[in-house]
Amino acid sequence: MTEQPSSALRRFVEDADPSGLTLVVDTPQGTHLRRIPPALPLPSHVDHGAGAEAAVHTAAATWGMPDFVFKQAAHATKGSGQRELGDRLLLAGSRGAVVQVKARTITPKPAAQEASWIQKVAAKAMSQAKGTVRQLRMVPADMINGRGQTLSVDGGTYEWIAVFLLDHPQVPEDTVATWQPVGMPAIALTRRDWDFLFDQLRSTTAVLDYLFRAAAEPAIPLGQEPVRYYEFAAADAAEPPADINTELVGPGGTLFSTPQLPQAPAGTDGTNAHLMLRIMLEDIALISLSDELTEANRFTILSDLDRLPVPARTEWGHLLLDMLQDVPQVSDEHCKWRFRRMLDADGTRQLIVGAATRFDPIIQASFSAYIQLRHHEVTSRTGRTEESSTLGVLLTPRRDGKRPWDTSTVRVHGDLELSEEELRVYSTAWNRALEDGTVNVTDPTDQATTGKVSSLPIAASTDGSTR
C-alpha cells in the first residue's frame, strides 16, 4: 500500500445517533464528512446469535448480490459425526471468504473482561474458519446461495480468507483481536464495519478484494475499518496510472485509470445510472438456464460482470442508457450496434457490453461472432489464450411495454479453435464494416484497465417470462 499523504487526517466524531459515527476526512482538497450508520437491525423473530448471522447475510445480499452469499446445503459428514461448514461463505470469481459471526448475547461486563472474551471468540472463529476450508478442500460440498440455487464448492479452486465478524453493543476502545496463524489471510471486523464496506462499494467482488488487501496490513482496533478504508482510498487517488498496453484491445484503445477504492459511496452522483449494472446482474440471475448450462456457468458470468470497477460503474451506466436510446434510431430493415470494451490489466479478462436495435436469431448469432472475434484478437496479441476469457452482455430495447430492455450474454474462454473460414467471415462482418463506416459497432472509448462458448441467449424478463 502506498503511504497516504501525511497532511490527511481521519477521525471519528460523535453522531447525533449514538449508535452511529461520523468520519471526518481532512485532505489538501478540503474536509469531507462520511456518516457511518449503525449496523442493520437484527430480525426480531430469532434469537440474537442467529439474528446477527441473518443480518450479515442480508447486508451482503442487499448491497452485494444474493448469488454470492452461501450457506451449506446440508451438514457434511466427518467420521461418525457431522461438521458445520461455517456460518456463511462469500464467493465471487476465484476468491472466497469464510465468515464466522460471533454475537455478545448477554449484558457486557467491564472492559477488561469484554476484551478477554473478544480474544477468546476471535481465536475460536479463526479455528472454525480454518476447519471449514480444510474440509472443503478435502470434500467439495453443495452450498445454497441467497436465491436458493445450489453450487458445488471445491475448496481447492478458491483463494480463501477467514473473516471474524463481531456483533457487540460496545466494543472496548482500542481492542485489537488476535489469533494464531491459520494458514490463510484473516481479518476481524465489527458488523458495522461489514455493513459499511458493502454500502460503500455495492460489489461483492470489490468487498472481497478489500478484505484481502486489508488482511495483508497490521491489525487495527475493532470498529476502525472505515478509517483504514479512507486511508487506502487516499493512497489509491494519489497513485499514478499503471503502464498498460492499450493496443491489446486494438487500434483506438484508451487507457482508463480509476482508483481501486472510491472515496464517495457508490451511486452518490444524484442519478440512478449506477443501478444499471445491478439490473443487468439481476437479469442474468433470473434467466432460465438451458439444458446444457449449470448454476456454475451462471455464477461465473455474474462474477465476471461484478468485476467492473466500482468507480467506473456510474459512467458505464450513463453510457448504456445513452446506447439504449440511440440504437432504435434506424429504419426497420437495419440494425445499429454500440459497444464498450474493457480489458483487465493482466490482459486475461475482457468485458464487452453493448446494445443493438432488436433481438432475434440473426442478432444473437452476430453478437456471438463479435465476442468470439474480439476474444481471438486479444488472445493472439497477449499469447495467454488458455487463461483468458471474454464476457459479452447485450441489451436490446423492448417495445411491448413490459420493461425497457432485455439482457443476453455470451461468455468464451480458452482456445476457441476457430477455423480460417470462421475468422474470415467474422472479420468481414465486423472489422470491414468498422473500417468502411457502414455500421456503428464500437464506442470510441474501448478501454484497457487495471476455449469455449457458454451463453444465456434467451432474453429474460424480470417477471420470469422469456421471448
# chains A, B, ... in the order shown; residues from 1 in each chain; ligands from 1

call {"tool": "select_by_dssp", "arguments": {"residues": "segment 167-196 of chain A", "states": "helix (DSSP H, G or I)", "output": "MDAnalysis selection string"}}
result
chainID A and resid 191:196

call {"tool": "residues_around", "arguments": {"residues": "segment 215-224 of chain A", "least_positions_apart": "6", "cutoff": "10 Å", "atoms": "only C-alpha atoms", "output": "JSON, numbers by chain"}}
result
{"A": [1, 11, 12, 161, 162, 163, 165, 166, 170, 171, 172, 173, 174, 175, 176, 177, 178, 184, 185, 186, 187, 188, 189, 190, 191, 192, 193, 194]}

call {"tool": "atom_distance", "arguments": {"atom1": "atom CA of Gly96 of chain A", "atom2": "atom CA of Pro140 of chain A"}}
result
13.9 Å

call {"tool": "closest_residue", "arguments": {"among": "A:Arg34, A:Lys130, A:His45, A:Arg147", "to": "Met65 of chain A", "atoms": "only C-alpha atoms"}}
result
A:Arg147

call {"tool": "closest_residue", "arguments": {"among": "A:Val327, A:Val249, A:Leu261, A:Ala266", "to": "Gln350 of chain A", "atoms": "only C-alpha atoms"}}
result
A:Val249

call {"tool": "closest_residue", "arguments": {"among": "A:Ile371, A:Ala355, A:Leu324, A:Ala125", "to": "Phe339 of chain A", "atoms": "only C-alpha atoms"}}
result
A:Ala355

call {"tool": "select_by_dssp", "arguments": {"residues": "segment 249-386 of chain A", "states": "strand (DSSP E)", "output": "PyMOL selection string"}}
result
chain A and resi 254-255+337-343+349-356

call {"tool": "write_last_selection", "arguments": {"atoms": "all heavy atoms", "output": "compact mmCIF listing (two decimals), in the first residue's frame"}}
result
# COMPACT_ATOMS: atom_id res chain seq x y z
N THR A 254 -8.02 3.06 -25.34
CA THR A 254 -7.79 4.21 -24.47
C THR A 254 -7.52 3.73 -23.05
O THR A 254 -8.23 2.86 -22.55
CB THR A 254 -9.02 5.14 -24.47
OG1 THR A 254 -9.28 5.59 -25.79
CG2 THR A 254 -8.78 6.35 -23.56
N LEU A 255 -6.49 4.29 -22.43
CA LEU A 255 -6.20 3.96 -21.03
C LEU A 255 -7.20 4.67 -20.14
O LEU A 255 -7.33 5.90 -20.18
CB LEU A 255 -4.78 4.36 -20.66
CG LEU A 255 -4.39 4.14 -19.19
CD1 LEU A 255 -4.45 2.66 -18.84
CD2 LEU A 255 -3.00 4.69 -18.90
N TRP A 337 -25.58 -1.03 -33.78
CA TRP A 337 -24.86 -1.63 -32.66
C TRP A 337 -23.97 -0.58 -31.99
O TRP A 337 -23.39 0.27 -32.67
CB TRP A 337 -23.94 -2.76 -33.13
CG TRP A 337 -24.59 -3.91 -33.80
CD1 TRP A 337 -25.04 -3.96 -35.09
CD2 TRP A 337 -24.85 -5.19 -33.23
NE1 TRP A 337 -25.57 -5.19 -35.37
CE2 TRP A 337 -25.46 -5.98 -34.25
CE3 TRP A 337 -24.63 -5.78 -31.99
CZ2 TRP A 337 -25.85 -7.30 -34.05
CZ3 TRP A 337 -25.00 -7.09 -31.78
CH2 TRP A 337 -25.61 -7.84 -32.80
N ARG A 338 -23.84 -0.67 -30.68
CA ARG A 338 -22.84 0.12 -29.96
C ARG A 338 -22.24 -0.76 -28.87
O ARG A 338 -22.95 -1.52 -28.22
CB ARG A 338 -23.45 1.39 -29.36
CG ARG A 338 -23.82 2.43 -30.41
CD ARG A 338 -24.31 3.71 -29.76
NE ARG A 338 -23.28 4.33 -28.92
CZ ARG A 338 -23.48 5.42 -28.19
NH1 ARG A 338 -24.68 6.01 -28.19
NH2 ARG A 338 -22.51 5.94 -27.46
N PHE A 339 -20.92 -0.62 -28.67
CA PHE A 339 -20.22 -1.44 -27.69
C PHE A 339 -19.28 -0.61 -26.83
O PHE A 339 -18.79 0.44 -27.25
CB PHE A 339 -19.38 -2.53 -28.39
CG PHE A 339 -20.16 -3.60 -29.08
CD1 PHE A 339 -20.10 -3.75 -30.45
CD2 PHE A 339 -20.95 -4.47 -28.35
CE1 PHE A 339 -20.82 -4.74 -31.10
CE2 PHE A 339 -21.67 -5.46 -28.97
CZ PHE A 339 -21.61 -5.61 -30.36
N ARG A 340 -19.01 -1.09 -25.65
CA ARG A 340 -17.93 -0.61 -24.79
C ARG A 340 -17.15 -1.85 -24.34
O ARG A 340 -17.75 -2.82 -23.86
CB ARG A 340 -18.47 0.16 -23.59
CG ARG A 340 -17.46 0.40 -22.47
CD ARG A 340 -16.35 1.36 -22.83
NE ARG A 340 -16.80 2.71 -23.04
CZ ARG A 340 -16.93 3.63 -22.07
NH1 ARG A 340 -16.69 3.30 -20.81
NH2 ARG A 340 -17.31 4.84 -22.37
N ARG A 341 -15.83 -1.79 -24.49
CA ARG A 341 -14.99 -2.92 -24.10
C ARG A 341 -14.03 -2.51 -22.99
O ARG A 341 -13.57 -1.37 -22.94
CB ARG A 341 -14.17 -3.44 -25.28
CG ARG A 341 -14.99 -4.11 -26.36
CD ARG A 341 -14.09 -4.98 -27.23
NE ARG A 341 -13.20 -4.20 -28.07
CZ ARG A 341 -12.03 -4.66 -28.53
NH1 ARG A 341 -11.60 -5.86 -28.18
NH2 ARG A 341 -11.28 -3.91 -29.32
N MET A 342 -13.68 -3.46 -22.15
CA MET A 342 -12.69 -3.23 -21.11
C MET A 342 -11.83 -4.48 -20.97
O MET A 342 -12.34 -5.60 -20.95
CB MET A 342 -13.34 -2.93 -19.76
CG MET A 342 -12.34 -2.61 -18.65
SD MET A 342 -13.13 -2.49 -17.02
CE MET A 342 -13.40 -4.23 -16.68
N LEU A 343 -10.52 -4.29 -20.87
CA LEU A 343 -9.58 -5.37 -20.67
C LEU A 343 -8.86 -5.16 -19.36
O LEU A 343 -8.35 -4.07 -19.08
CB LEU A 343 -8.56 -5.42 -21.82
CG LEU A 343 -7.59 -6.59 -21.84
CD1 LEU A 343 -8.32 -7.90 -22.10
CD2 LEU A 343 -6.50 -6.37 -22.90
N ARG A 349 -8.81 -10.96 -18.95
CA ARG A 349 -10.26 -10.87 -18.80
C ARG A 349 -10.78 -9.66 -19.57
O ARG A 349 -10.37 -8.54 -19.33
CB ARG A 349 -10.67 -10.76 -17.33
CG ARG A 349 -10.44 -12.03 -16.53
CD ARG A 349 -10.79 -11.78 -15.07
NE ARG A 349 -10.54 -12.94 -14.24
CZ ARG A 349 -11.44 -13.85 -13.91
NH1 ARG A 349 -12.68 -13.71 -14.33
NH2 ARG A 349 -11.12 -14.88 -13.14
N GLN A 350 -11.69 -9.94 -20.47
CA GLN A 350 -12.27 -8.89 -21.29
C GLN A 350 -13.78 -8.83 -21.03
O GLN A 350 -14.44 -9.87 -20.99
CB GLN A 350 -12.00 -9.17 -22.77
CG GLN A 350 -12.41 -8.04 -23.71
CD GLN A 350 -12.01 -8.29 -25.15
OE1 GLN A 350 -12.03 -7.38 -25.97
NE2 GLN A 350 -11.64 -9.52 -25.49
N LEU A 351 -14.28 -7.62 -20.83
CA LEU A 351 -15.71 -7.40 -20.65
C LEU A 351 -16.20 -6.52 -21.78
O LEU A 351 -15.62 -5.47 -22.07
CB LEU A 351 -16.00 -6.73 -19.31
CG LEU A 351 -17.44 -6.27 -19.07
CD1 LEU A 351 -18.40 -7.46 -19.06
CD2 LEU A 351 -17.55 -5.48 -17.77
N ILE A 352 -17.26 -6.97 -22.46
CA ILE A 352 -17.86 -6.21 -23.55
C ILE A 352 -19.35 -6.06 -23.25
O ILE A 352 -20.06 -7.05 -23.07
CB ILE A 352 -17.69 -6.93 -24.90
CG1 ILE A 352 -16.20 -7.16 -25.21
CG2 ILE A 352 -18.35 -6.14 -26.02
CD1 ILE A 352 -15.95 -7.98 -26.46
N VAL A 353 -19.81 -4.83 -23.16
CA VAL A 353 -21.25 -4.58 -23.02
C VAL A 353 -21.69 -3.75 -24.20
O VAL A 353 -20.93 -2.93 -24.73
CB VAL A 353 -21.59 -3.87 -21.69
CG1 VAL A 353 -21.24 -4.75 -20.50
CG2 VAL A 353 -20.88 -2.53 -21.58
N GLY A 354 -22.90 -3.99 -24.64
CA GLY A 354 -23.36 -3.26 -25.81
C GLY A 354 -24.86 -3.25 -25.92
O GLY A 354 -25.58 -3.81 -25.09
N ALA A 355 -25.32 -2.61 -26.98
CA ALA A 355 -26.75 -2.53 -27.26
C ALA A 355 -26.96 -2.69 -28.75
O ALA A 355 -26.10 -2.30 -29.56
CB ALA A 355 -27.33 -1.20 -26.78
N ALA A 356 -28.08 -3.26 -29.13
CA ALA A 356 -28.46 -3.43 -30.53
C ALA A 356 -29.93 -3.09 -30.68
O ALA A 356 -30.70 -3.10 -29.71
CB ALA A 356 -28.19 -4.86 -31.00

call {"tool": "residues_around", "arguments": {"residues": "Pro240 of chain A", "least_positions_apart": "6", "cutoff": "10 Å", "atoms": "only C-alpha atoms", "output": "VMD selection string"}}
result
chain A and resid 257 to 259

call {"tool": "write_last_selection", "arguments": {"atoms": "N, CA and C atoms", "output": "mmCIF file, in the first residue's frame"}}
result
data_model
loop_
_atom_site.group_PDB
_atom_site.id
_atom_site.type_symbol
_atom_site.label_atom_id
_atom_site.label_comp_id
_atom_site.auth_asym_id
_atom_site.auth_seq_id
_atom_site.Cartn_x
_atom_site.Cartn_y
_atom_site.Cartn_z
ATOM 1 N N SER A 257 -8.001 5.051 -16.213
ATOM 2 C CA SER A 257 -7.472 4.781 -14.880
ATOM 3 C C SER A 257 -8.452 5.274 -13.832
ATOM 4 N N THR A 258 -8.734 4.437 -12.862
ATOM 5 C CA THR A 258 -9.647 4.819 -11.786
ATOM 6 C C THR A 258 -9.125 4.244 -10.481
ATOM 7 N N PRO A 259 -9.279 4.947 -9.357
ATOM 8 C CA PRO A 259 -8.835 4.381 -8.083
ATOM 9 C C PRO A 259 -9.543 3.060 -7.799
#

call {"tool": "residues_around", "arguments": {"residues": "Trp316 of chain A", "least_positions_apart": "3", "cutoff": "8 Å", "atoms": "only C-alpha atoms", "output": "tab-separated table (two decimals) with all heavy atoms, in the first residue's frame"}}
result
chain	number	residue	atom	x	y	z
A	273	ALA	N	-27.85	5.93	-12.47
A	273	ALA	CA	-27.08	5.25	-13.51
A	273	ALA	C	-26.30	4.07	-12.95
A	273	ALA	O	-26.11	3.06	-13.63
A	273	ALA	CB	-26.13	6.23	-14.20
A	274	HIS	N	-25.84	4.19	-11.70
A	274	HIS	CA	-25.06	3.09	-11.11
A	274	HIS	C	-25.90	1.82	-10.96
A	274	HIS	O	-25.34	0.73	-10.84
A	274	HIS	CB	-24.50	3.50	-9.76
A	274	HIS	CG	-25.53	3.52	-8.66
A	274	HIS	ND1	-26.50	4.48	-8.57
A	274	HIS	CD2	-25.74	2.68	-7.62
A	274	HIS	CE1	-27.25	4.24	-7.52
A	274	HIS	NE2	-26.82	3.16	-6.92
A	312	ALA	N	-16.06	3.10	-11.94
A	312	ALA	CA	-16.43	3.23	-13.35
A	312	ALA	C	-17.90	2.96	-13.61
A	312	ALA	O	-18.40	3.22	-14.71
A	312	ALA	CB	-15.58	2.28	-14.20
A	313	ARG	N	-18.62	2.44	-12.63
A	313	ARG	CA	-19.96	1.92	-12.90
A	313	ARG	C	-20.97	2.99	-13.26
A	313	ARG	O	-21.83	2.79	-14.12
A	313	ARG	CB	-20.45	1.09	-11.71
A	313	ARG	CG	-19.61	-0.17	-11.50
A	313	ARG	CD	-20.16	-1.07	-10.43
A	313	ARG	NE	-19.34	-2.28	-10.32
A	313	ARG	CZ	-19.71	-3.38	-9.69
A	313	ARG	NH1	-20.90	-3.42	-9.09
A	313	ARG	NH2	-18.90	-4.42	-9.64
A	319	LEU	N	-23.58	5.62	-20.08
A	319	LEU	CA	-23.32	5.25	-21.47
A	319	LEU	C	-24.33	4.22	-21.96
A	319	LEU	O	-24.85	4.33	-23.08
A	319	LEU	CB	-21.90	4.70	-21.60
A	319	LEU	CG	-21.52	4.18	-22.99
A	319	LEU	CD1	-21.54	5.31	-24.01
A	319	LEU	CD2	-20.16	3.50	-22.95
A	320	LEU	N	-24.63	3.22	-21.14
A	320	LEU	CA	-25.58	2.19	-21.55
A	320	LEU	C	-26.97	2.77	-21.77
A	320	LEU	O	-27.68	2.39	-22.72
A	320	LEU	CB	-25.61	1.07	-20.52
A	320	LEU	CG	-24.40	0.15	-20.52
A	320	LEU	CD1	-24.40	-0.73	-19.27
A	320	LEU	CD2	-24.38	-0.72	-21.76

call {"tool": "closest_residue", "arguments": {"among": "A:Gln263, A:Ala296, A:Ala235, A:Leu281", "to": "Ile144 of chain A", "atoms": "only C-alpha atoms"}}
result
A:Ala296
